[in-house]
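Coordinates from entry.cif are shown below (mmCIF, C-alpha atoms).
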data_data
loop_
_atom_site.group_PDB
_atom_site.id
_atom_site.type_symbol
_atom_site.label_atom_id
_atom_site.label_comp_id
_atom_site.auth_asym_id
_atom_site.auth_seq_id
_atom_site.Cartn_x
_atom_site.Cartn_y
_atom_site.Cartn_z
ATOM 1 C CA MET A 116 21.822 18.397 -13.737
ATOM 2 C CA ILE A 117 21.531 14.688 -13.184
ATOM 3 C CA GLU A 118 23.954 11.996 -14.224
ATOM 4 C CA LEU A 119 24.672 8.284 -13.912
ATOM 5 C CA THR A 120 28.358 7.513 -14.373
ATOM 6 C CA ARG A 121 30.759 4.601 -14.201
ATOM 7 C CA ASP A 122 33.686 6.949 -13.518
ATOM 8 C CA LEU A 123 35.042 8.546 -10.366
ATOM 9 C CA VAL A 124 32.774 11.347 -9.119
ATOM 10 C CA ASP A 125 34.694 14.627 -9.444
ATOM 11 C CA ALA A 126 33.417 16.376 -6.311
ATOM 12 C CA SER A 127 35.466 19.554 -6.683
ATOM 13 C CA ALA A 128 34.294 20.073 -10.261
ATOM 14 C CA LEU A 129 30.689 19.838 -9.051
ATOM 15 C CA VAL A 130 31.256 22.392 -6.286
ATOM 16 C CA GLU A 131 32.995 24.713 -8.733
ATOM 17 C CA ARG A 132 30.084 24.444 -11.126
ATOM 18 C CA ALA A 133 27.588 25.377 -8.384
ATOM 19 C CA THR A 134 29.610 28.281 -7.001
ATOM 20 C CA SER A 135 28.879 31.760 -8.297
ATOM 21 C CA PRO A 136 28.506 35.289 -6.915
ATOM 22 C CA ARG A 137 24.723 34.902 -7.138
ATOM 23 C CA VAL A 138 24.662 32.345 -4.313
ATOM 24 C CA GLY A 139 25.595 32.637 -0.678
ATOM 25 C CA ALA A 140 25.560 28.934 0.096
ATOM 26 C CA VAL A 141 26.885 25.854 -1.706
ATOM 27 C CA LEU A 142 26.253 22.510 -0.053
ATOM 28 C CA MET A 143 27.612 19.113 -1.063
ATOM 29 C CA PHE A 144 26.647 15.680 0.241
ATOM 30 C CA LEU A 145 28.848 12.715 -0.691
ATOM 31 C CA GLY A 146 27.818 9.126 0.015
ATOM 32 C CA VAL A 147 31.037 7.158 0.427
ATOM 33 C CA THR A 148 31.741 3.404 0.585
ATOM 34 C CA ARG A 149 32.121 2.580 4.267
ATOM 35 C CA GLN A 150 34.522 -0.153 5.376
ATOM 36 C CA PHE A 151 32.556 -1.506 8.354
ATOM 37 C CA ASP A 152 28.837 -2.193 8.605
ATOM 38 C CA GLU A 153 28.650 -2.833 12.345
ATOM 39 C CA ASP A 154 31.141 -5.704 12.655
ATOM 40 C CA ARG A 155 31.131 -6.900 9.025
ATOM 41 C CA GLU A 156 33.881 -5.655 6.747
ATOM 42 C CA THR A 157 33.088 -4.442 3.246
ATOM 43 C CA ALA A 158 35.603 -4.800 0.409
ATOM 44 C CA SER A 159 33.633 -2.729 -2.122
ATOM 45 C CA LEU A 160 30.114 -1.956 -3.285
ATOM 46 C CA GLN A 161 28.609 -2.783 -6.654
ATOM 47 C CA TYR A 162 25.764 -0.589 -7.950
ATOM 48 C CA GLU A 163 23.164 -1.483 -10.581
ATOM 49 C CA ALA A 164 20.335 0.676 -11.939
ATOM 50 C CA TYR A 165 17.253 0.468 -14.107
ATOM 51 C CA GLU A 166 18.941 3.293 -15.936
ATOM 52 C CA LYS A 167 16.083 4.668 -17.991
ATOM 53 C CA MET A 168 13.804 4.915 -14.949
ATOM 54 C CA ALA A 169 16.582 6.052 -12.588
ATOM 55 C CA LEU A 170 17.242 9.014 -14.916
ATOM 56 C CA ALA A 171 13.517 9.798 -15.073
ATOM 57 C CA GLU A 172 13.197 9.647 -11.262
ATOM 58 C CA LEU A 173 16.310 11.784 -10.741
ATOM 59 C CA ALA A 174 14.884 14.367 -13.152
ATOM 60 C CA ARG A 175 11.623 14.368 -11.134
ATOM 61 C CA LEU A 176 13.631 14.905 -7.932
ATOM 62 C CA GLU A 177 15.481 17.837 -9.431
ATOM 63 C CA SER A 178 12.332 19.541 -10.682
ATOM 64 C CA GLU A 179 10.492 18.936 -7.406
ATOM 65 C CA ALA A 180 13.396 20.406 -5.407
ATOM 66 C CA ARG A 181 13.567 23.443 -7.704
ATOM 67 C CA ARG A 182 9.809 23.995 -7.282
ATOM 68 C CA THR A 183 10.012 23.732 -3.495
ATOM 69 C CA TRP A 184 13.152 25.728 -2.662
ATOM 70 C CA PRO A 185 14.787 28.762 -4.319
ATOM 71 C CA ILE A 186 17.899 26.855 -5.339
ATOM 72 C CA SER A 187 19.968 28.154 -8.206
ATOM 73 C CA GLU A 188 21.816 24.872 -8.711
ATOM 74 C CA CYS A 189 20.923 21.235 -8.187
ATOM 75 C CA LEU A 190 23.459 18.591 -9.216
ATOM 76 C CA ILE A 191 22.894 14.880 -8.597
ATOM 77 C CA VAL A 192 25.452 12.309 -9.736
ATOM 78 C CA HIS A 193 25.198 8.579 -8.954
ATOM 79 C CA ARG A 194 27.970 6.173 -9.750
ATOM 80 C CA LEU A 195 27.264 2.644 -11.054
ATOM 81 C CA GLY A 196 29.447 -0.448 -11.153
ATOM 82 C CA LEU A 197 32.149 -1.151 -8.597
ATOM 83 C CA VAL A 198 32.833 1.585 -6.017
ATOM 84 C CA PRO A 199 35.955 0.916 -3.902
ATOM 85 C CA LEU A 200 36.248 1.824 -0.204
ATOM 86 C CA GLY A 201 36.394 5.541 0.501
ATOM 87 C CA GLU A 202 35.123 6.562 -2.952
ATOM 88 C CA ALA A 203 31.859 8.376 -3.534
ATOM 89 C CA SER A 204 28.848 6.515 -4.909
ATOM 90 C CA VAL A 205 26.612 9.578 -4.899
ATOM 91 C CA ALA A 206 26.995 13.360 -4.865
ATOM 92 C CA VAL A 207 24.248 15.914 -4.271
ATOM 93 C CA VAL A 208 25.111 19.601 -4.620
ATOM 94 C CA THR A 209 22.683 22.437 -3.938
ATOM 95 C CA ALA A 210 23.265 26.178 -4.064
ATOM 96 C CA SER A 211 21.000 28.973 -2.871
ATOM 97 C CA PRO A 212 21.159 32.605 -1.739
ATOM 98 C CA HIS A 213 20.966 31.518 1.939
ATOM 99 C CA ARG A 214 22.115 28.325 3.627
ATOM 100 C CA SER A 215 18.815 27.035 5.039
ATOM 101 C CA GLU A 216 17.343 26.309 1.585
ATOM 102 C CA ALA A 217 20.504 24.568 0.386
ATOM 103 C CA PHE A 218 20.505 22.330 3.498
ATOM 104 C CA ALA A 219 16.784 21.578 3.288
ATOM 105 C CA ALA A 220 16.868 20.768 -0.419
ATOM 106 C CA GLY A 221 20.038 18.662 -0.074
ATOM 107 C CA GLN A 222 18.596 16.640 2.813
ATOM 108 C CA TRP A 223 15.331 16.037 0.973
ATOM 109 C CA LEU A 224 17.124 15.083 -2.252
ATOM 110 C CA ILE A 225 19.370 12.411 -0.731
ATOM 111 C CA ASP A 226 16.574 11.013 1.492
ATOM 112 C CA THR A 227 14.142 10.801 -1.407
ATOM 113 C CA LEU A 228 16.766 9.412 -3.795
ATOM 114 C CA LYS A 229 17.349 6.548 -1.365
ATOM 115 C CA GLU A 230 13.611 5.813 -1.172
ATOM 116 C CA ARG A 231 12.585 6.182 -4.761
ATOM 117 C CA VAL A 232 15.301 5.919 -7.404
ATOM 118 C CA PRO A 233 15.684 2.391 -8.851
ATOM 119 C CA ILE A 234 19.340 1.825 -8.001
ATOM 120 C CA TRP A 235 20.591 -1.126 -5.963
ATOM 121 C CA LYS A 236 23.805 -1.815 -4.108
ATOM 122 C CA GLN A 237 25.462 -5.154 -3.559
ATOM 123 C CA GLU A 238 27.799 -5.577 -0.604
ATOM 124 C CA HIS A 239 31.028 -7.347 -1.517
ATOM 125 C CA TRP A 240 32.320 -8.527 1.856
ATOM 126 C CA VAL A 241 36.005 -9.166 2.547
ATOM 127 C CA ASP A 242 35.215 -12.862 3.107
ATOM 128 C CA GLY A 243 34.269 -13.102 -0.594
ATOM 129 C CA THR A 244 30.480 -13.320 -0.130
ATOM 130 C CA LYS A 245 28.059 -10.872 -1.760
ATOM 131 C CA ASP A 246 24.626 -9.631 -0.703
ATOM 132 C CA TRP A 247 22.151 -7.418 -2.511
ATOM 133 C CA VAL A 248 20.772 -4.802 -0.151
ATOM 134 C CA HIS A 249 16.955 -5.026 -0.203
ATOM 135 C CA ALA A 250 15.246 -3.798 2.939
ATOM 136 C CA THR A 251 12.414 -6.322 3.104
ATOM 137 C CA GLU A 252 10.583 -5.088 6.193
ATOM 138 C CA LEU A 253 7.200 -3.779 5.055
ATOM 139 C CA LYS A 254 7.151 -0.083 4.249
ATOM 140 C CA LYS A 255 5.135 2.120 6.606
ATOM 141 C CA MET B 6 -1.689 -11.415 -23.240
ATOM 142 C CA ARG B 7 1.923 -12.403 -22.865
ATOM 143 C CA VAL B 8 3.953 -9.893 -20.833
ATOM 144 C CA VAL B 9 7.684 -9.561 -20.295
ATOM 145 C CA VAL B 10 8.941 -8.231 -16.956
ATOM 146 C CA LYS B 11 12.408 -6.755 -16.399
ATOM 147 C CA LEU B 12 14.204 -7.891 -13.258
ATOM 148 C CA PHE B 13 17.023 -6.240 -11.320
ATOM 149 C CA ALA B 14 19.488 -6.951 -8.526
ATOM 150 C CA GLY B 15 18.334 -9.669 -6.086
ATOM 151 C CA ALA B 16 15.188 -10.426 -8.108
ATOM 152 C CA ARG B 17 17.288 -11.000 -11.241
ATOM 153 C CA GLU B 18 19.614 -13.318 -9.344
ATOM 154 C CA ALA B 19 16.731 -15.206 -7.698
ATOM 155 C CA VAL B 20 15.460 -16.183 -11.162
ATOM 156 C CA GLY B 21 18.783 -16.240 -13.024
ATOM 157 C CA ASP B 22 17.467 -14.047 -15.834
ATOM 158 C CA SER B 23 17.047 -10.309 -16.421
ATOM 159 C CA GLU B 24 13.656 -10.789 -18.118
ATOM 160 C CA ILE B 25 10.817 -13.180 -17.403
ATOM 161 C CA SER B 26 7.450 -13.648 -19.049
ATOM 162 C CA THR B 27 3.997 -14.800 -18.103
ATOM 163 C CA GLU B 28 0.499 -15.001 -19.546
ATOM 164 C CA ILE B 29 -2.227 -12.815 -17.990
ATOM 165 C CA PRO B 30 -5.695 -11.710 -19.189
ATOM 166 C CA ASP B 31 -5.800 -8.484 -21.255
ATOM 167 C CA ASN B 32 -5.955 -5.273 -19.166
ATOM 168 C CA SER B 33 -4.918 -7.126 -16.023
ATOM 169 C CA SER B 34 -3.802 -5.137 -13.001
ATOM 170 C CA ILE B 35 -0.367 -5.219 -11.430
ATOM 171 C CA ARG B 36 -1.957 -7.289 -8.635
ATOM 172 C CA VAL B 37 -2.892 -10.031 -11.110
ATOM 173 C CA LEU B 38 0.615 -9.915 -12.571
ATOM 174 C CA ARG B 39 2.129 -10.310 -9.097
ATOM 175 C CA GLU B 40 0.021 -13.422 -8.424
ATOM 176 C CA SER B 41 0.876 -14.913 -11.780
ATOM 177 C CA LEU B 42 4.620 -14.324 -11.256
ATOM 178 C CA LEU B 43 4.479 -15.836 -7.762
ATOM 179 C CA LYS B 44 3.012 -19.059 -9.154
ATOM 180 C CA ARG B 45 5.337 -19.274 -12.093
ATOM 181 C CA TYR B 46 8.585 -18.188 -10.378
ATOM 182 C CA PRO B 47 8.568 -19.525 -6.810
ATOM 183 C CA THR B 48 12.140 -18.323 -6.197
ATOM 184 C CA LEU B 49 10.777 -14.744 -6.298
ATOM 185 C CA GLN B 50 8.596 -15.500 -3.273
ATOM 186 C CA PRO B 51 10.787 -13.814 -0.602
ATOM 187 C CA LEU B 52 11.246 -10.571 -2.559
ATOM 188 C CA LEU B 53 8.043 -10.132 -4.566
ATOM 189 C CA PRO B 54 5.735 -9.017 -1.714
ATOM 190 C CA HIS B 55 8.188 -6.152 -1.034
ATOM 191 C CA ALA B 56 8.736 -5.180 -4.675
ATOM 192 C CA MET B 57 7.113 -2.295 -6.542
ATOM 193 C CA PHE B 58 6.294 -2.364 -10.243
ATOM 194 C CA ALA B 59 6.865 0.203 -12.954
ATOM 195 C CA LEU B 60 5.016 0.704 -16.230
ATOM 196 C CA ASN B 61 6.963 2.570 -18.908
ATOM 197 C CA ALA B 62 9.593 3.639 -16.341
ATOM 198 C CA GLU B 63 7.093 5.084 -13.829
ATOM 199 C CA TYR B 64 5.946 3.536 -10.556
ATOM 200 C CA ALA B 65 2.486 1.971 -10.839
ATOM 201 C CA GLY B 66 0.263 0.865 -7.966
ATOM 202 C CA ASP B 67 -1.298 -2.588 -7.623
ATOM 203 C CA ASP B 68 -4.600 -1.371 -9.110
ATOM 204 C CA ALA B 69 -3.016 0.041 -12.272
ATOM 205 C CA SER B 70 -3.968 -1.879 -15.390
ATOM 206 C CA ILE B 71 -1.232 -2.948 -17.752
ATOM 207 C CA PRO B 72 -1.529 -1.546 -21.271
ATOM 208 C CA GLU B 73 -0.622 -3.848 -24.146
ATOM 209 C CA GLY B 74 3.041 -3.375 -25.050
ATOM 210 C CA ALA B 75 3.987 -1.503 -21.857
ATOM 211 C CA GLU B 76 7.543 -1.819 -20.579
ATOM 212 C CA ILE B 77 7.085 -3.597 -17.252
ATOM 213 C CA ALA B 78 9.718 -3.732 -14.519
ATOM 214 C CA CYS B 79 9.800 -5.352 -11.114
ATOM 215 C CA ILE B 80 11.523 -2.985 -8.658
ATOM 216 C CA PRO B 81 12.724 -4.747 -5.504
ATOM 217 C CA PRO B 82 13.391 -2.453 -2.494
ATOM 218 C CA VAL B 83 15.905 0.125 -3.712
ATOM 219 C CA SER B 84 19.248 0.768 -2.026
ATOM 220 C CA GLY B 85 20.999 3.514 -3.949
ATOM 221 C CA GLY B 86 22.942 6.292 -2.296
#
As structure tokens, what does this structure read like?
Amino acid sequence: MIELTRDLVDASALVERATSPRVGAVLMFLGVTRQFDEDRETASLQYEAYEKMALAELARLESEARRTWPISECLIVHRLGLVPLGEASVAVVTASPHRSEAFAAGQWLIDTLKERVPIWKQEHWVDGTKDWVHATELKK
Amino acid sequence: MRVVVKLFAGAREAVGDSEISTEIPDNSSIRVLRESLLKRYPTLQPLLPHAMFALNAEYAGDDASIPEGAEIACIPPVSGG
């Protein structure tokens, strides 16, 4: 299941959905708005997506993960719009019979999401300035 | 042909518009589109060399040719998560 939402991410509902007697391992990753980036203080983050393509890329991630690992559940939710400090911008939940597959799939999903899915964050600093986050060093 | 390119995030703000257009020869590649956009929209200069492009919501390499009527998007380095 993949979803883009402008609402609070309900982490416990996602875990509940992935938990069943068929699995031995349920893993959740939450990406949360961090207050300090080194010495600069963040007030909030704003997220924007090319929604049609972000949904298509998320669907590709889910099917690739399901092909690679024996996971019985794969839930990816990304929040858009303003995400206040301490709230989740992204949740990835994987469930599998044994923990190693859930960890491996979860790690790959969040790493690949961050490389590939057309979603962008804008830092809103406490001093009132804003910066889009675009890593402009050339990709290896 | 006249093509319209969707812009997002920093690229959108650099131009001040969420869509831009330019004229390129029929069946041009993404590479040709990049060069045309650089000339026409100099404020994209810092970001464009690092941006990817998508045709019909799928990443397309610089050699891909642009079909007439394709939905074209400029994808600056992503930062979701």
Convert the output of the PyMOL selection byres ((chain B and resi 17) around 12) on the shown file into explicit residues, formatted as a JSON list (two decimals) with C-alpha atoms, keeping the file's coordinate frame.
[["chain", "number", "residue", "atom", "x", "y", "z"],
["A", 163, "GLU", "CA", 23.16, -1.48, -10.58],
["A", 165, "TYR", "CA", 17.25, 0.47, -14.11],
["A", 235, "TRP", "CA", 20.59, -1.13, -5.96],
["A", 247, "TRP", "CA", 22.15, -7.42, -2.51],
["B", 10, "VAL", "CA", 8.94, -8.23, -16.96],
["B", 11, "LYS", "CA", 12.41, -6.76, -16.40],
["B", 12, "LEU", "CA", 14.20, -7.89, -13.26],
["B", 13, "PHE", "CA", 17.02, -6.24, -11.32],
["B", 14, "ALA", "CA", 19.49, -6.95, -8.53],
["B", 15, "GLY", "CA", 18.33, -9.67, -6.09],
["B", 16, "ALA", "CA", 15.19, -10.43, -8.11],
["B", 18, "GLU", "CA", 19.61, -13.32, -9.34],
["B", 19, "ALA", "CA", 16.73, -15.21, -7.70],
["B", 20, "VAL", "CA", 15.46, -16.18, -11.16],
["B", 21, "GLY", "CA", 18.78, -16.24, -13.02],
["B", 22, "ASP", "CA", 17.47, -14.05, -15.83],
["B", 23, "SER", "CA", 17.05, -10.31, -16.42],
["B", 24, "GLU", "CA", 13.66, -10.79, -18.12],
["B", 25, "ILE", "CA", 10.82, -13.18, -17.40],
["B", 46, "TYR", "CA", 8.59, -18.19, -10.38],
["B", 48, "THR", "CA", 12.14, -18.32, -6.20],
["B", 49, "LEU", "CA", 10.78, -14.74, -6.30],
["B", 52, "LEU", "CA", 11.25, -10.57, -2.56],
["B", 53, "LEU", "CA", 8.04, -10.13, -4.57],
["B", 78, "ALA", "CA", 9.72, -3.73, -14.52],
["B", 79, "CYS", "CA", 9.80, -5.35, -11.11],
["B", 80, "ILE", "CA", 11.52, -2.98, -8.66],
["B", 81, "PRO", "CA", 12.72, -4.75, -5.50]]
Near-range 119-135 of chain A list (9 Å; only C-alpha atoms; drop same-chain fewer than 2 positions) as a ChimeraX atom specification:
/A:117,137-143,145,164,166,169-170,187-198,202-210
Can you give me, as a VMD selection string, the residues this file yields under the PyMOL selection byres ((chain A) within 8 of (chain B))?
chain A and resid 146 162 to 165 167 to 168 171 193 204 to 205 225 228 to 237 247 to 253
Between CA of Asp68 in chain B and CA of Pro30 in chain B - distance in Å to one decimal:
14.5 Å
Would you list the residues near (34.1, 3.9, 3.8) (no more than 6 Å away, in the coordinates of the file, using only C-alpha atoms) as a PyMOL selection string?
chain A and resi 147-150+200-201
Any chance you could export the current selection's C-alpha atoms as a PDB file, in the coordinates of the input?
ATOM      1  CA  VAL A 147      31.037   7.158   0.427  1.00  0.00           C
ATOM      2  CA  THR A 148      31.741   3.404   0.585  1.00  0.00           C
ATOM      3  CA  ARG A 149      32.121   2.580   4.267  1.00  0.00           C
ATOM      4  CA  GLN A 150      34.522  -0.153   5.376  1.00  0.00           C
ATOM      5  CA  LEU A 200      36.248   1.824  -0.204  1.00  0.00           C
ATOM      6  CA  GLY A 201      36.394   5.541   0.501  1.00  0.00           C
TER       7      GLY A 201
END
Have a look at A:Pro199, A:Gly243, A:Ile186, A:Glu172 and name the one nearest to Ser215 in chain A; count all atoms listed in the file.
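Among the listed residues, A:Ile186 lies closest to Ser215 in chain A.
The space separating CA of Asp242 in chain A from CA of Asp154 in chain A comes to 12.6 Å.
Our summary of the geometry notes that CA of Met116 in chain A is positioned 28.4 Å from CA of Gly66 in chain B.
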Contact residues around Val8 in chain B with only C-alpha atoms at 8 Å, ignoring same-chain residues under 5 positions, as an mmCIF file with C-alpha atoms, keeping the file's coordinate frame:
data_model
loop_
_atom_site.group_PDB
_atom_site.id
_atom_site.type_symbol
_atom_site.label_atom_id
_atom_site.label_comp_id
_atom_site.auth_asym_id
_atom_site.auth_seq_id
_atom_site.Cartn_x
_atom_site.Cartn_y
_atom_site.Cartn_z
ATOM 1 C CA SER B 26 7.450 -13.648 -19.049
ATOM 2 C CA THR B 27 3.997 -14.800 -18.103
ATOM 3 C CA GLU B 28 0.499 -15.001 -19.546
ATOM 4 C CA ILE B 29 -2.227 -12.815 -17.990
ATOM 5 C CA GLY B 74 3.041 -3.375 -25.050
ATOM 6 C CA ILE B 77 7.085 -3.597 -17.252
#
Around all the atoms of range 186-205 of chain A listed in the file, draw an axis-aligned box and extend it by 8 Å on each of the six sides; I want its centre and edge lengths in Å to one decimal, as JSON.
{"center_x": 27.1, "center_y": 13.5, "center_z": -5.3, "size_x": 34.5, "size_y": 45.3, "size_z": 27.7}
Let me know the residues the PyMOL selection byres ((chain B and resi 70) around 10) catches in the file above, as a list in words.
Asp31, Asn32, Ser33, Ser34, Ile35, Arg36, Val37, Leu38, Leu60, Ala65, Gly66, Asp67, Asp68, Ala69, Ile71, Pro72 and Glu73 of chain B
